[in-house]
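**Q** Next up is a structure, given as structure tokens.
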Amino acid sequence: MERSPVAVVIVTYQSEQVIAGCLASLPDDVEVFVVDNASTDDTVSVAAATRPDARIIRNPVNAGFAAGVNLGIKAAEGYDVLVLNADTRLHPGTIDTLRAADKPITVPKIVGVDGLTHFSLRREPKLRTAISEALIGGHRAGRIGLGAMVTDLKAYEHAHPAEWATGCAWLVKRETIERLGLLDERYFLYSEEVEYMLRAGGVWYEPRAVATHIGGEVSTNARLWSLLAANRVRLHRERHGKVAAFFMWLAVVLNEGLRARSPKHRAALKGLFRMRTWPEEVASEGPSYLCFSAQDWWYHNRAHSDFQLLRRVAKHRKVLLVNSIGLRMPSPGKSTQFLRRILRKAKSVAMLVRRPIPETPNFYVMTPAPLPFYGKPWLRKLNSVLVRTQVRLVCLFLRMGTPVVVATIPTAWDVVEPMRHKGLIFNRSDRHSAFPEADQGTIAALENQLLSNSDTVLYVSRALQEEESPLTGERAHFLDHGVDVDHFTRRDELPADIASIPGPRIGFFGSLDDYLVDFDLIEKVAQEFPEASVVLIGDATCSMERYARYPNVHWLDFRSYEQIPGYGSGFDVALMPWLDNDWIKHANPIKMKEYLALGLAVVSTDFPEVERYADVIRIAKGEADFIDQIRLTLKDGGLKTPAERRAAVLTASWDSRARELMQIAEGR
């Protein structure tokens, strides 16, 4: 069947009264995606009955409008996307007219149920418009050109560009989505469409396309009005900085204070004085999650994906994270720092079961006492029984019921195989059988068992997903890594130890593992740039004595996740100097997005996943080119601006990745 040129994405929440009318107004030949944000009414059943061919995506949590739109955009891969509110009705021919405009974002004329034109066009939010609206009202300010709202009816009679428009109906070209990425989910509701339209450079208004919008809830709902007011400040902060946001906050406070006789304005005023950095999500019910991690919470870098994903799932669900049960037993002569590894695992086991994040009380961590011998079947069997017994007892104590099981490490297979679960997800973050110190044949067999028997296999590497597609088929899903964009924000004040190191600074932060990092290449960088400082931050699994002869190399050892953004802010060039091996070929380093979130200029060796960021990261083809790319970056500051580099990962939040994981796990 021929694909329609446009997919319609409708986000619903408690929309049973309006969704049927919206769906009935759509042409029969368009693809329709209804993304439901965990409604508790009959929204889903009404939508299914009204439009049986619509694809209904059940979001397990109410993550907000932008998150719902993003799920729909991902499902509608390859399509232009018409975003509609559930209380919008399209007039005949609207979709064709919008598409014929052939603009990055096109909006129709919006009318009310009475047929009168709504003032849907807007000017860019600025401090002067906020003050004008506070003092004389939005409509009056709009009439004299000082307000955000465009109130001249003549402006609604002809097609023309506009800075932005209300987001009840807007068509986004696929090329625009590919260029800009997804909507910023941090706003939850309101201002997310403003941010996206401004990021796109504005919209095209097409009055021959018409949509009726019922609307009106925000004008009577105090909670929604409060969120609308606060998000005006948040948007200004993200676009213009904290100082400008403070003055915008004062202007919005003035607006709400002058109208405080109304309950909604009083609620907004109260909300502005206690507003959080970002809105909180709405809690919901669902299954618990049991995760077998590839890392250990108590001594590994907590930036790892299983930690980041599950601690955010724990905002909505009870989570027990089981620290790594290992790929091998450290032994003298074969393993680096073998005694240290045994001791730190013993300390981890001694931590028993804890809740390490006070603000996330549903997140629990345990370390079972394992016997990490995998070469003999009877030892593997004994170990699995031992670990499973410990995990089951803790699950029983925590009243977790029947959980969704997430396995990130292959050795979890023997443990989880006989366990009852609501779904088994193999989080295929790496090819662990390529780990040099592992019993590679045994680990490969365990990987194959998980690949064959899991309900879902999640990949962060497209190359690995493609290689294993004959085995996983439709059970495979690509779930990209995220980044904490708020945490990885450039700091003005650097830690004292890196501030004392002379610039320019060529830096690396993360684990200095001998099976990942090309230490010869780092030494070459030190030799080629004696006038620069090479700064290495991270726990090393091999001796770093080789760099003692280079006065410009500064190894600062391990720094906590909380400290890393401060150190990264001191880099003039950030490095990804990876070895050319099978592990890296199937890797998707989280630090890539962390570097970009900091706005850093990045130079990397070549591997498949970095190619997706070739417009903001310089990718070297060999050692000589790596040196040349560093030299060029020191000269010109890197590809694009720091703001553009940060924008490349702005929508890649760990919260959105966690919700996507939950949608996959619970929406099967």
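Identifiers for the structure tokens are assigned positionally: chains receive A, B, ... in sequence, residues are indexed from 1 per chain, and ligands are indexed from 1 in the order shown.
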So that I can see what lies close to A:Trp164, please list as an mmCIF file with N, CA, C and O atoms, in the first residue's frame the residues with an atom at most 8 Å from it, counting only C-alpha atoms and leaving out residues fewer than 2 positions away in the same chain.
**A**
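File written: result.cif
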data_model
loop_
_atom_site.group_PDB
_atom_site.id
_atom_site.type_symbol
_atom_site.label_atom_id
_atom_site.label_comp_id
_atom_site.auth_asym_id
_atom_site.auth_seq_id
_atom_site.Cartn_x
_atom_site.Cartn_y
_atom_site.Cartn_z
ATOM 1 N N LEU A 121 -1.606 33.863 15.733
ATOM 2 C CA LEU A 121 -0.243 34.234 15.375
ATOM 3 C C LEU A 121 0.401 35.025 16.514
ATOM 4 O O LEU A 121 -0.267 35.787 17.215
ATOM 5 N N ARG A 122 1.699 34.839 16.648
ATOM 6 C CA ARG A 122 2.400 35.442 17.775
ATOM 7 C C ARG A 122 3.741 36.045 17.342
ATOM 8 O O ARG A 122 4.357 35.613 16.367
ATOM 9 N N ARG A 123 4.176 37.042 18.119
ATOM 10 C CA ARG A 123 5.522 37.585 17.986
ATOM 11 C C ARG A 123 6.434 36.895 19.006
ATOM 12 O O ARG A 123 5.960 36.344 20.005
ATOM 13 N N GLU A 124 7.721 36.963 18.768
ATOM 14 C CA GLU A 124 8.666 36.329 19.682
ATOM 15 C C GLU A 124 8.524 36.914 21.087
ATOM 16 O O GLU A 124 8.474 38.134 21.255
ATOM 17 N N ALA A 162 5.426 34.076 9.933
ATOM 18 C CA ALA A 162 5.165 34.567 11.285
ATOM 19 C C ALA A 162 6.236 33.994 12.202
ATOM 20 O O ALA A 162 6.884 32.986 11.880
ATOM 21 N N THR A 166 0.105 29.491 17.793
ATOM 22 C CA THR A 166 -0.384 28.530 18.777
ATOM 23 C C THR A 166 -0.348 27.125 18.180
ATOM 24 O O THR A 166 -0.611 26.931 16.997
ATOM 25 N N VAL A 194 6.524 26.785 21.035
ATOM 26 C CA VAL A 194 7.156 28.087 20.828
ATOM 27 C C VAL A 194 8.651 27.895 20.604
ATOM 28 O O VAL A 194 9.233 28.434 19.654
ATOM 29 N N MET A 197 9.303 26.231 17.137
ATOM 30 C CA MET A 197 9.059 27.126 16.000
ATOM 31 C C MET A 197 10.112 28.222 15.909
ATOM 32 O O MET A 197 10.556 28.583 14.814
ATOM 33 N N LEU A 198 10.523 28.750 17.062
ATOM 34 C CA LEU A 198 11.581 29.757 17.046
ATOM 35 C C LEU A 198 12.907 29.143 16.618
ATOM 36 O O LEU A 198 13.698 29.772 15.902
ATOM 37 N N GLY A 202 10.837 30.329 12.600
ATOM 38 C CA GLY A 202 9.490 30.832 12.373
ATOM 39 C C GLY A 202 8.607 29.836 11.640
ATOM 40 O O GLY A 202 8.995 28.689 11.394
ATOM 41 N N VAL A 203 7.393 30.283 11.283
ATOM 42 C CA VAL A 203 6.414 29.419 10.611
ATOM 43 C C VAL A 203 5.850 30.153 9.395
ATOM 44 O O VAL A 203 6.037 31.368 9.227
#
**Q** I want to know what sits within 8 Å of stretch 553-561 of chain A, based on only C-alpha atoms, with residues of the same chain fewer than 2 positions away left out; could you give that as a VMD selection string?
**A** chain A and resid 301 to 303 526 533 to 540 547 to 548 550 to 551 563 to 565
**Q** Excluding A:Glu192 and any residue of its chain fewer than 3 positions from it, enumerate the residues within 9 Å of it, using only C-alpha atoms, and give them as a compact mmCIF listing (two decimals) with C-alpha atoms, in the first residue's frame.
**A**
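Saved as selection-v6.txt:
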# COMPACT_ATOMS: atom_id res chain seq x y z
CA PHE A 65 2.64 17.06 25.29
CA ALA A 66 6.13 17.27 23.79
CA GLY A 167 0.31 24.83 18.53
CA LEU A 183 10.63 18.82 20.71
CA ASP A 184 12.13 19.76 24.07
CA GLU A 185 10.27 17.56 26.55
CA ARG A 186 11.35 19.48 29.64
CA TYR A 187 8.49 21.98 29.34
CA PHE A 188 5.85 19.24 29.89
CA LEU A 189 3.05 21.44 28.52
CA GLU A 195 10.71 26.88 21.39
CA TYR A 196 10.54 24.55 18.37
CA MET A 197 9.06 27.13 16.00
CA ASN A 231 7.03 28.12 31.23
CA LEU A 235 11.65 29.53 27.80
**Q** Could you give me, as a short mmCIF file (atom, residue, chain, number, x, y, z; two decimals) with all heavy atoms, in the first residue's frame, the residues within 9 Å of A:Thr43, counting only C-alpha atoms and dropping anything in the same chain fewer than 5 positions from it?
**A**
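Output contents, as saved in out_7.cif:
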data_model
loop_
_atom_site.label_atom_id
_atom_site.label_comp_id
_atom_site.auth_asym_id
_atom_site.auth_seq_id
_atom_site.Cartn_x
_atom_site.Cartn_y
_atom_site.Cartn_z
N THR A 12 -3.20 12.60 23.31
CA THR A 12 -4.41 12.64 24.11
C THR A 12 -4.11 12.44 25.59
O THR A 12 -3.17 11.74 25.96
CB THR A 12 -5.40 11.55 23.67
OG1 THR A 12 -4.77 10.25 23.78
CG2 THR A 12 -5.84 11.75 22.24
N TYR A 13 -4.94 13.06 26.41
CA TYR A 13 -4.95 12.81 27.85
C TYR A 13 -6.34 13.16 28.36
O TYR A 13 -6.77 14.32 28.28
CB TYR A 13 -3.89 13.64 28.58
CG TYR A 13 -3.93 13.44 30.08
CD1 TYR A 13 -3.56 12.21 30.64
CD2 TYR A 13 -4.37 14.45 30.92
CE1 TYR A 13 -3.62 12.02 32.01
CE2 TYR A 13 -4.42 14.25 32.29
CZ TYR A 13 -4.05 13.04 32.83
OH TYR A 13 -4.12 12.84 34.19
N GLN A 14 -7.05 12.16 28.84
CA GLN A 14 -8.43 12.33 29.30
C GLN A 14 -9.25 13.05 28.23
O GLN A 14 -9.98 14.00 28.50
CB GLN A 14 -8.46 13.13 30.60
CG GLN A 14 -7.50 12.65 31.70
CD GLN A 14 -7.83 11.27 32.24
OE1 GLN A 14 -7.73 10.29 31.51
NE2 GLN A 14 -8.20 11.19 33.50
N SER A 15 -9.17 12.54 27.00
CA SER A 15 -9.75 13.24 25.84
C SER A 15 -10.97 12.52 25.26
O SER A 15 -11.31 12.71 24.09
CB SER A 15 -8.68 13.39 24.74
OG SER A 15 -7.53 14.01 25.22
N GLU A 16 -11.66 11.72 26.06
CA GLU A 16 -12.76 10.92 25.52
C GLU A 16 -13.89 11.78 24.94
O GLU A 16 -14.62 11.32 24.04
CB GLU A 16 -13.32 9.98 26.59
CG GLU A 16 -13.96 10.69 27.77
CD GLU A 16 -14.57 9.71 28.77
OE1 GLU A 16 -14.56 8.51 28.48
OE2 GLU A 16 -15.06 10.16 29.82
N GLN A 17 -14.06 13.01 25.42
CA GLN A 17 -15.15 13.86 24.96
C GLN A 17 -14.87 14.53 23.62
O GLN A 17 -15.80 14.98 22.95
CB GLN A 17 -15.44 14.94 26.01
CG GLN A 17 -15.85 14.41 27.38
CD GLN A 17 -17.14 13.62 27.33
OE1 GLN A 17 -18.07 13.97 26.59
NE2 GLN A 17 -17.22 12.54 28.10
N VAL A 18 -13.60 14.60 23.22
CA VAL A 18 -13.26 15.39 22.02
C VAL A 18 -12.55 14.60 20.94
O VAL A 18 -12.51 15.03 19.77
CB VAL A 18 -12.39 16.62 22.40
CG1 VAL A 18 -13.19 17.60 23.26
CG2 VAL A 18 -11.13 16.19 23.12
N ILE A 19 -11.96 13.45 21.26
CA ILE A 19 -11.10 12.77 20.29
C ILE A 19 -11.89 12.25 19.08
O ILE A 19 -11.38 12.24 17.96
CB ILE A 19 -10.31 11.61 20.96
CG1 ILE A 19 -9.33 10.98 19.98
CG2 ILE A 19 -11.25 10.56 21.53
CD1 ILE A 19 -8.30 11.93 19.43
N ALA A 20 -13.14 11.83 19.28
CA ALA A 20 -13.91 11.28 18.15
C ALA A 20 -14.11 12.34 17.07
O ALA A 20 -13.98 12.06 15.88
CB ALA A 20 -15.26 10.76 18.65
N ASP A 36 -1.43 8.24 23.52
CA ASP A 36 -2.20 8.50 24.73
C ASP A 36 -1.28 8.56 25.95
O ASP A 36 -0.54 7.62 26.23
CB ASP A 36 -3.27 7.43 24.95
CG ASP A 36 -4.13 7.76 26.15
OD1 ASP A 36 -4.91 8.71 26.05
OD2 ASP A 36 -4.00 7.09 27.19
N ALA A 48 -10.11 4.06 19.18
CA ALA A 48 -10.05 2.81 18.41
C ALA A 48 -11.36 2.56 17.67
O ALA A 48 -11.36 2.07 16.53
CB ALA A 48 -9.72 1.65 19.33
#
**Q** Per residue of stretch 415-454 of chain A within 8 Å of stretch 579-591 of chain A, what are the shortest atom pair and its distance in Å to one decimal, counting only C-alpha atoms, with rows by chain and residue number, as a Markdown table?
**A**
| residue | atom | partner | partner_atom | distance |
| --- | --- | --- | --- | --- |
| A:Ser429 | CA | A:Ala587 | CA | 7.5 |
| A:Asp430 | CA | A:Ala587 | CA | 6.3 |
| A:Arg431 | CA | A:Trp583 | CA | 6.5 |
| A:Ala434 | CA | A:Trp583 | CA | 5.9 |
| A:Phe435 | CA | A:Trp583 | CA | 7.2 |
**Q** Write out as a list in words the residues lying within 12 Å of A:Met419, counting only C-alpha atoms and excluding same-chain residues fewer than 6 positions away.
**A**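 Final neighbour list, sorted by chain and number: Leu290, Ser384, Val385, Val387, Arg388, Thr389, Val391, Arg392, Cys395, Gly401, Thr402, Pro403, Val404, Val405, Ala412 and Trp413 of chain A.
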**Q** Atoms to include: C-alpha atoms. Write the selected residues as a PDB file, in the first residue's frame.
**A**
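Contents of selection22.pdb, freshly written:
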ATOM      1  CA  LEU A 290      14.352  -5.546  38.080  1.00  0.00           C
ATOM      2  CA  SER A 384      22.823 -18.832  39.239  1.00  0.00           C
ATOM      3  CA  VAL A 385      20.926 -20.515  42.069  1.00  0.00           C
ATOM      4  CA  VAL A 387      22.316 -15.164  42.945  1.00  0.00           C
ATOM      5  CA  ARG A 388      18.672 -15.875  42.070  1.00  0.00           C
ATOM      6  CA  THR A 389      17.864 -16.810  45.670  1.00  0.00           C
ATOM      7  CA  VAL A 391      17.478 -11.472  44.344  1.00  0.00           C
ATOM      8  CA  ARG A 392      14.151 -13.236  44.942  1.00  0.00           C
ATOM      9  CA  CYS A 395      12.146  -8.668  45.633  1.00  0.00           C
ATOM     10  CA  GLY A 401       5.390  -8.522  42.558  1.00  0.00           C
ATOM     11  CA  THR A 402       6.092  -9.811  39.060  1.00  0.00           C
ATOM     12  CA  PRO A 403       8.588  -7.345  37.558  1.00  0.00           C
ATOM     13  CA  VAL A 404       9.756  -6.333  34.133  1.00  0.00           C
ATOM     14  CA  VAL A 405      13.292  -7.758  33.940  1.00  0.00           C
ATOM     15  CA  ALA A 412      22.193 -12.607  33.992  1.00  0.00           C
ATOM     16  CA  TRP A 413      20.654 -15.220  31.669  1.00  0.00           C
TER      17      TRP A 413
END
**Q** Could you give me the residues within stretch 503-610 of chain A that DSSP places in strand (DSSP E or B), as a VMD selection string?
**A** chain A and resid 505 to 509 512 517 533 to 537 540 553 to 555 573 to 576 578 602 to 605
**Q** Would you output that residue set with N, CA, C and O atoms, as a JSON list (two decimals), in the first residue's frame?
**A**
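Output contents, as saved in out-v4.json:
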[["chain", "number", "residue", "atom", "x", "y", "z"],
["A", 505, "ARG", "N", 43.84, 23.59, 26.72],
["A", 505, "ARG", "CA", 43.73, 22.26, 27.32],
["A", 505, "ARG", "C", 43.05, 21.31, 26.35],
["A", 505, "ARG", "O", 41.94, 21.57, 25.88],
["A", 506, "ILE", "N", 43.72, 20.20, 26.07],
["A", 506, "ILE", "CA", 43.17, 19.13, 25.24],
["A", 506, "ILE", "C", 42.79, 18.02, 26.22],
["A", 506, "ILE", "O", 43.65, 17.46, 26.90],
["A", 507, "GLY", "N", 41.50, 17.72, 26.34],
["A", 507, "GLY", "CA", 41.05, 16.90, 27.46],
["A", 507, "GLY", "C", 40.26, 15.66, 27.10],
["A", 507, "GLY", "O", 39.71, 15.52, 26.00],
["A", 508, "PHE", "N", 40.21, 14.77, 28.08],
["A", 508, "PHE", "CA", 39.40, 13.55, 28.02],
["A", 508, "PHE", "C", 38.88, 13.28, 29.42],
["A", 508, "PHE", "O", 39.63, 13.34, 30.39],
["A", 509, "PHE", "N", 37.57, 12.99, 29.55],
["A", 509, "PHE", "CA", 37.08, 12.48, 30.82],
["A", 509, "PHE", "C", 36.31, 11.18, 30.59],
["A", 509, "PHE", "O", 35.69, 10.98, 29.56],
["A", 512, "LEU", "N", 39.50, 5.26, 31.73],
["A", 512, "LEU", "CA", 40.71, 5.07, 30.93],
["A", 512, "LEU", "C", 41.00, 3.58, 30.87],
["A", 512, "LEU", "O", 41.90, 3.05, 31.53],
["A", 517, "VAL", "N", 40.59, 2.81, 25.10],
["A", 517, "VAL", "CA", 41.33, 4.04, 24.81],
["A", 517, "VAL", "C", 42.66, 3.74, 24.14],
["A", 517, "VAL", "O", 43.40, 2.84, 24.56],
["A", 533, "SER", "N", 48.26, 21.66, 27.12],
["A", 533, "SER", "CA", 48.15, 20.73, 28.24],
["A", 533, "SER", "C", 47.18, 19.61, 27.87],
["A", 533, "SER", "O", 46.06, 19.89, 27.42],
["A", 534, "VAL", "N", 47.62, 18.37, 28.05],
["A", 534, "VAL", "CA", 46.75, 17.22, 27.82],
["A", 534, "VAL", "C", 46.23, 16.79, 29.19],
["A", 534, "VAL", "O", 46.99, 16.36, 30.06],
["A", 535, "VAL", "N", 44.91, 16.91, 29.40],
["A", 535, "VAL", "CA", 44.29, 16.65, 30.69],
["A", 535, "VAL", "C", 43.46, 15.37, 30.60],
["A", 535, "VAL", "O", 42.55, 15.27, 29.77],
["A", 536, "LEU", "N", 43.79, 14.40, 31.44],
["A", 536, "LEU", "CA", 43.09, 13.11, 31.47],
["A", 536, "LEU", "C", 42.39, 12.96, 32.81],
["A", 536, "LEU", "O", 43.03, 13.03, 33.86],
["A", 537, "ILE", "N", 41.10, 12.73, 32.77],
["A", 537, "ILE", "CA", 40.31, 12.61, 33.99],
["A", 537, "ILE", "C", 39.58, 11.28, 33.97],
["A", 537, "ILE", "O", 38.75, 11.04, 33.08],
["A", 540, "ALA", "N", 41.93, 4.71, 35.82],
["A", 540, "ALA", "CA", 42.72, 3.99, 34.81],
["A", 540, "ALA", "C", 42.85, 2.52, 35.18],
["A", 540, "ALA", "O", 43.08, 2.17, 36.34],
["A", 553, "VAL", "N", 51.35, 16.56, 30.24],
["A", 553, "VAL", "CA", 50.26, 15.60, 30.49],
["A", 553, "VAL", "C", 49.89, 15.65, 31.96],
["A", 553, "VAL", "O", 50.75, 15.52, 32.84],
["A", 554, "HIS", "N", 48.60, 15.83, 32.23],
["A", 554, "HIS", "CA", 48.11, 15.95, 33.61],
["A", 554, "HIS", "C", 46.99, 14.92, 33.80],
["A", 554, "HIS", "O", 45.88, 15.09, 33.29],
["A", 555, "TRP", "N", 47.31, 13.85, 34.54],
["A", 555, "TRP", "CA", 46.30, 12.85, 34.86],
["A", 555, "TRP", "C", 45.74, 13.17, 36.24],
["A", 555, "TRP", "O", 46.44, 13.09, 37.24],
["A", 573, "VAL", "N", 39.63, 21.54, 23.65],
["A", 573, "VAL", "CA", 39.32, 20.48, 22.70],
["A", 573, "VAL", "C", 39.06, 19.21, 23.52],
["A", 573, "VAL", "O", 39.84, 18.87, 24.42],
["A", 574, "ALA", "N", 37.96, 18.52, 23.23],
["A", 574, "ALA", "CA", 37.63, 17.27, 23.91],
["A", 574, "ALA", "C", 37.92, 16.10, 22.96],
["A", 574, "ALA", "O", 37.60, 16.17, 21.77],
["A", 575, "LEU", "N", 38.54, 15.06, 23.49],
["A", 575, "LEU", "CA", 38.99, 13.94, 22.66],
["A", 575, "LEU", "C", 38.15, 12.68, 22.87],
["A", 575, "LEU", "O", 37.70, 12.39, 23.98],
["A", 576, "MET", "N", 37.99, 11.94, 21.78],
["A", 576, "MET", "CA", 37.50, 10.56, 21.83],
["A", 576, "MET", "C", 38.52, 9.71, 21.07],
["A", 576, "MET", "O", 38.34, 9.40, 19.89],
["A", 578, "TRP", "N", 39.64, 6.50, 20.46],
["A", 578, "TRP", "CA", 39.32, 5.09, 20.66],
["A", 578, "TRP", "C", 40.21, 4.16, 19.85],
["A", 578, "TRP", "O", 40.70, 4.51, 18.77],
["A", 602, "VAL", "N", 34.87, 18.85, 19.65],
["A", 602, "VAL", "CA", 35.25, 17.45, 19.82],
["A", 602, "VAL", "C", 36.00, 16.95, 18.60],
["A", 602, "VAL", "O", 35.62, 17.22, 17.45],
["A", 603, "VAL", "N", 37.08, 16.19, 18.86],
["A", 603, "VAL", "CA", 37.79, 15.46, 17.81],
["A", 603, "VAL", "C", 37.75, 13.99, 18.19],
["A", 603, "VAL", "O", 38.08, 13.62, 19.32],
["A", 604, "SER", "N", 37.35, 13.15, 17.23],
["A", 604, "SER", "CA", 37.18, 11.72, 17.52],
["A", 604, "SER", "C", 37.83, 10.87, 16.45],
["A", 604, "SER", "O", 37.94, 11.27, 15.29],
["A", 605, "THR", "N", 38.25, 9.67, 16.86],
["A", 605, "THR", "CA", 38.57, 8.65, 15.88],
["A", 605, "THR", "C", 37.26, 8.17, 15.26],
["A", 605, "THR", "O", 36.18, 8.48, 15.76]]
**Q** Taking only C-alpha atoms into account, which of A:His316, A:His304, A:Arg355, A:His421 comes nearest A:Gly482?
**A**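 Using only C-alpha atoms, the shortest distance to A:Gly482 belongs to A:His304.
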**Q** For atom CA of A:Gly21 and atom CA of A:Leu182, determine how far apart the two atoms are, in Å to one decimal place.
**A**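 That distance, rounded to one decimal, is 27.3 Å.
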**Q** Any idea what the distance is between atom CA of A:Pro287 and atom CA of A:Ser452?
**A** 23.6 Å
**Q** State, in Å with one decimal place, the distance from atom CA of A:Tyr205 to atom CA of A:Leu90.
**A**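 So the answer is 15.4 Å.
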**Q** Leaving out A:Val6 and any residue of its chain fewer than 5 positions from it, which residues lie within 10 Å of it when counting only C-alpha atoms, given as a list in words?
**A**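 Skipping anything fewer than 5 positions along the chain leaves Asp29, Val30, Glu31, Val32, Ala76, Gly78, Tyr79, Asp80, Val81, Leu82, Ile95, Asp96, Arg99, Leu171, Val172, Lys173 and Arg174 of chain A.
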**Q** Which residues in stretch 31-89 of chain A does DSSP call alpha helix (DSSP H)? List them as a list in words.
**A**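 Filtering stretch 31-89 of chain A to alpha helix (DSSP H) leaves Thr43, Val44, Ser45, Val46, Ala47, Ala48, Ala49, Thr50, Phe65, Ala66, Ala67, Gly68, Val69, Asn70, Leu71, Gly72, Ile73, Lys74 and Ala75 of chain A.
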